[in-house]
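Engineer: I'd like to ask you about the structure that follows.
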Amino acid sequence: MNRFDQAKMLMKVRKIQKELERQIITVEKGDGAVKVDITGEQKLKKIHIDKDKVDFEDVEQLEMWLEEAVKEAINTSQKIAAEKMQPMMGALNLGM
């Protein structure tokens with residue numbers, strides 16, 4: 001790969017990174033009791049708890065919903081990033 005191709009590849013990677021920065025993944029748990037928003041870069045943007053849908057006497061349930069929502073959001077963002085980066089990996093031809 002020559003320098004020109006490397007520069008083009010770097011520009012494509014930066015473009016994908018910008019797209020991931022702007023992409024928001026929202027996951028809801030507990031029929032909307034808990035909502036988690038993260039970016040495609042796995043940066044937490046917001047956690048929303050609907051007080052009308054949560055029994056604050058059952059904190060364990062709330063904790064479970066939060067944990068599930070965060071895990072799912074991270075997993076989804078990882079899949080999205082991998083899908084967007086897949087063409088770059090093929091272009092690198094790492095011999096794998």
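Chain labels A, B, ... are given in the sequence in which chains occur in the structure tokens; within each chain residues are numbered consecutively from 1, and ligands are likewise numbered from 1 in the order shown.
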Segment 26-84 of chain A: which residues are strand (DSSP E) by DSSP, as a list in words?
Structural biologist: Thr26, Val27, Glu28, Lys29, Val34, Lys35, Val36, Asp37, Ile38, Thr39, Leu44, Lys45, Lys46, Ile47, His48 and Ile49 of chain A
Engineer: Neighbouring residues of segment 55-63 of chain A were defined as those with any atom within 9 Å, considering only C-alpha atoms; residues of the same chain fewer than 4 positions away were excluded. Please report them as an NGL selection string.
Structural biologist: :A and (30 or 33-34 or 49 or 51 or 67-68)
Engineer: Generate a file of the selected residues that holds C-alpha atoms, formatted as a PDB file, in the first residue's frame.
Structural biologist:
```pdb
ATOM      1  CA  GLY A  30     -38.739  -2.304  31.694  1.00  0.00           C
ATOM      2  CA  ALA A  33     -38.880   2.561  32.636  1.00  0.00           C
ATOM      3  CA  VAL A  34     -35.189   2.917  31.799  1.00  0.00           C
ATOM      4  CA  ILE A  49     -35.594   6.837  34.400  1.00  0.00           C
ATOM      5  CA  LYS A  51     -40.422   7.632  37.721  1.00  0.00           C
ATOM      6  CA  GLU A  67     -27.384  -3.030  33.700  1.00  0.00           C
ATOM      7  CA  GLU A  68     -29.220  -4.771  30.850  1.00  0.00           C
TER       8      GLU A  68
END
```
Engineer: At a cut-off of 12 Å, using only C-alpha atoms, what residues contact Gly32 of chain A? Leave out same-chain residues fewer than 5 positions from it and give the result as JSON, numbers by chain.
Structural biologist: {"A": [26, 27, 47, 48, 49, 50, 51, 52, 53, 54, 62, 65, 66, 69]}
Engineer: Restricted to N, CA and C atoms, what would the selected residues look like written as a compact mmCIF listing (two decimals), in the first residue's frame?
Structural biologist:
```
# COMPACT_ATOMS: atom_id res chain seq x y z
N THR A 26 -30.12 4.04 21.35
CA THR A 26 -31.02 4.11 22.50
C THR A 26 -31.55 2.73 22.80
N VAL A 27 -31.47 2.34 24.06
CA VAL A 27 -31.99 1.06 24.51
C VAL A 27 -32.95 1.32 25.66
N ILE A 47 -28.93 8.81 30.67
CA ILE A 47 -29.74 7.76 31.27
C ILE A 47 -31.02 8.43 31.73
N HIS A 48 -32.15 7.87 31.30
CA HIS A 48 -33.45 8.42 31.69
C HIS A 48 -34.22 7.35 32.45
N ILE A 49 -34.76 7.74 33.60
CA ILE A 49 -35.59 6.84 34.40
C ILE A 49 -36.97 7.47 34.50
N ASP A 50 -37.98 6.75 34.04
CA ASP A 50 -39.36 7.22 34.10
C ASP A 50 -39.92 6.87 35.48
N LYS A 51 -40.01 7.88 36.33
CA LYS A 51 -40.42 7.63 37.72
C LYS A 51 -41.83 7.06 37.84
N ASP A 52 -42.64 7.25 36.81
CA ASP A 52 -43.99 6.69 36.83
C ASP A 52 -44.02 5.19 36.53
N LYS A 53 -42.92 4.67 35.97
CA LYS A 53 -42.86 3.26 35.61
C LYS A 53 -41.94 2.45 36.52
N VAL A 54 -41.37 3.10 37.52
CA VAL A 54 -40.41 2.43 38.40
C VAL A 54 -40.96 2.35 39.81
N LEU A 62 -34.66 -2.03 39.23
CA LEU A 62 -34.14 -0.86 38.53
C LEU A 62 -32.68 -1.07 38.14
N TRP A 65 -32.50 -3.47 35.18
CA TRP A 65 -32.86 -2.81 33.92
C TRP A 65 -31.72 -1.93 33.42
N LEU A 66 -31.12 -1.17 34.34
CA LEU A 66 -30.01 -0.30 33.95
C LEU A 66 -28.83 -1.12 33.42
N ALA A 69 -29.69 -2.54 29.99
CA ALA A 69 -29.73 -1.50 28.97
C ALA A 69 -28.33 -1.07 28.57
```
Engineer: Please measure the separation of atom CA of Ile80 of chain A and atom CA of Gly40 of chain A, giving the value in Å to one decimal.
Structural biologist: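 We find that atom CA of Ile80 of chain A and atom CA of Gly40 of chain A lie 7.1 Å from each other.
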Engineer: What lies within 9 Å of segment 11-17 of chain A using only C-alpha atoms, ignoring chain neighbours under 2 positions off, as a list in words?
Structural biologist: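 So, after excluding close chain neighbours, the residues are Gln6, Ala7, Lys8, Met9, Glu19, Leu20, Glu21, Arg22, Gly40, Glu41, Ala81, Lys84, Met85 and Met88 of chain A.
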Engineer: Quick one, how far is atom CA of Lys46 of chain A from atom CA of Lys79 of chain A?
Structural biologist: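 Separating atom CA of Lys46 of chain A from atom CA of Lys79 of chain A is a distance of 20.2 Å.
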Engineer: If you measure from atom CA of Lys29 of chain A to atom CA of Val70 of chain A, what distance in Å do you get, rounded to one decimal?
Structural biologist: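 Distance between the two atoms: 9.8 Å.
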Engineer: Any chance you could list, as an MDAnalysis selection string, the residues in chain A that come up alpha helix (DSSP H) when DSSP is run on the backbone?
Structural biologist: chainID A and resid 3:22 59:92
Engineer: Please save C-alpha atoms of the selected residues as a CSV table (one decimal), in the first residue's frame.
Structural biologist:
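And here's again20.csv as it stands now:
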```
chain,number,residue,atom,x,y,z
A,3,ARG,CA,1.3,6.6,0.8
A,4,PHE,CA,-1.6,7.9,-1.3
A,5,ASP,CA,-3.6,4.7,-0.5
A,6,GLN,CA,-2.7,5.0,3.2
A,7,ALA,CA,-3.9,8.7,3.2
A,8,LYS,CA,-7.2,7.7,1.5
A,9,MET,CA,-7.6,4.9,4.1
A,10,LEU,CA,-7.0,7.2,7.0
A,11,MET,CA,-9.5,9.7,5.6
A,12,LYS,CA,-12.1,6.9,5.4
A,13,VAL,CA,-11.4,5.8,9.0
A,14,ARG,CA,-11.7,9.4,10.2
A,15,LYS,CA,-15.0,9.7,8.4
A,16,ILE,CA,-16.3,6.5,10.0
A,17,GLN,CA,-15.2,7.8,13.4
A,18,LYS,CA,-17.1,11.0,12.9
A,19,GLU,CA,-20.2,9.0,12.0
A,20,LEU,CA,-19.9,6.9,15.1
A,21,GLU,CA,-19.5,10.1,17.2
A,22,ARG,CA,-22.8,11.4,15.9
A,59,VAL,CA,-34.2,-1.0,43.6
A,60,GLU,CA,-32.9,-4.4,42.5
A,61,GLN,CA,-35.2,-4.4,39.5
A,62,LEU,CA,-34.1,-0.9,38.5
A,63,GLU,CA,-30.5,-1.9,38.8
A,64,MET,CA,-31.1,-4.9,36.6
A,65,TRP,CA,-32.9,-2.8,33.9
A,66,LEU,CA,-30.0,-0.3,34.0
A,67,GLU,CA,-27.4,-3.0,33.7
A,68,GLU,CA,-29.2,-4.8,30.8
A,69,ALA,CA,-29.7,-1.5,29.0
A,70,VAL,CA,-26.1,-0.5,29.2
A,71,LYS,CA,-24.8,-3.9,28.2
A,72,GLU,CA,-27.2,-4.0,25.2
A,73,ALA,CA,-26.3,-0.5,24.1
A,74,ILE,CA,-22.5,-1.3,24.3
A,75,ASN,CA,-23.0,-4.5,22.4
A,76,THR,CA,-25.0,-2.8,19.7
A,77,SER,CA,-22.5,0.0,19.4
A,78,GLN,CA,-19.7,-2.6,19.0
A,79,LYS,CA,-21.6,-4.4,16.3
A,80,ILE,CA,-22.3,-1.1,14.4
A,81,ALA,CA,-18.6,-0.1,14.6
A,82,ALA,CA,-17.4,-3.5,13.5
A,83,GLU,CA,-19.8,-3.4,10.5
A,84,LYS,CA,-18.6,0.1,9.5
A,85,MET,CA,-15.0,-0.8,9.9
A,86,GLN,CA,-15.2,-4.2,8.1
A,87,PRO,CA,-14.5,-2.7,4.6
A,88,MET,CA,-11.3,-1.1,6.1
A,89,MET,CA,-10.1,-4.4,7.4
A,90,GLY,CA,-10.5,-6.1,4.1
A,91,ALA,CA,-8.6,-3.2,2.4
A,92,LEU,CA,-5.7,-3.7,4.8
```
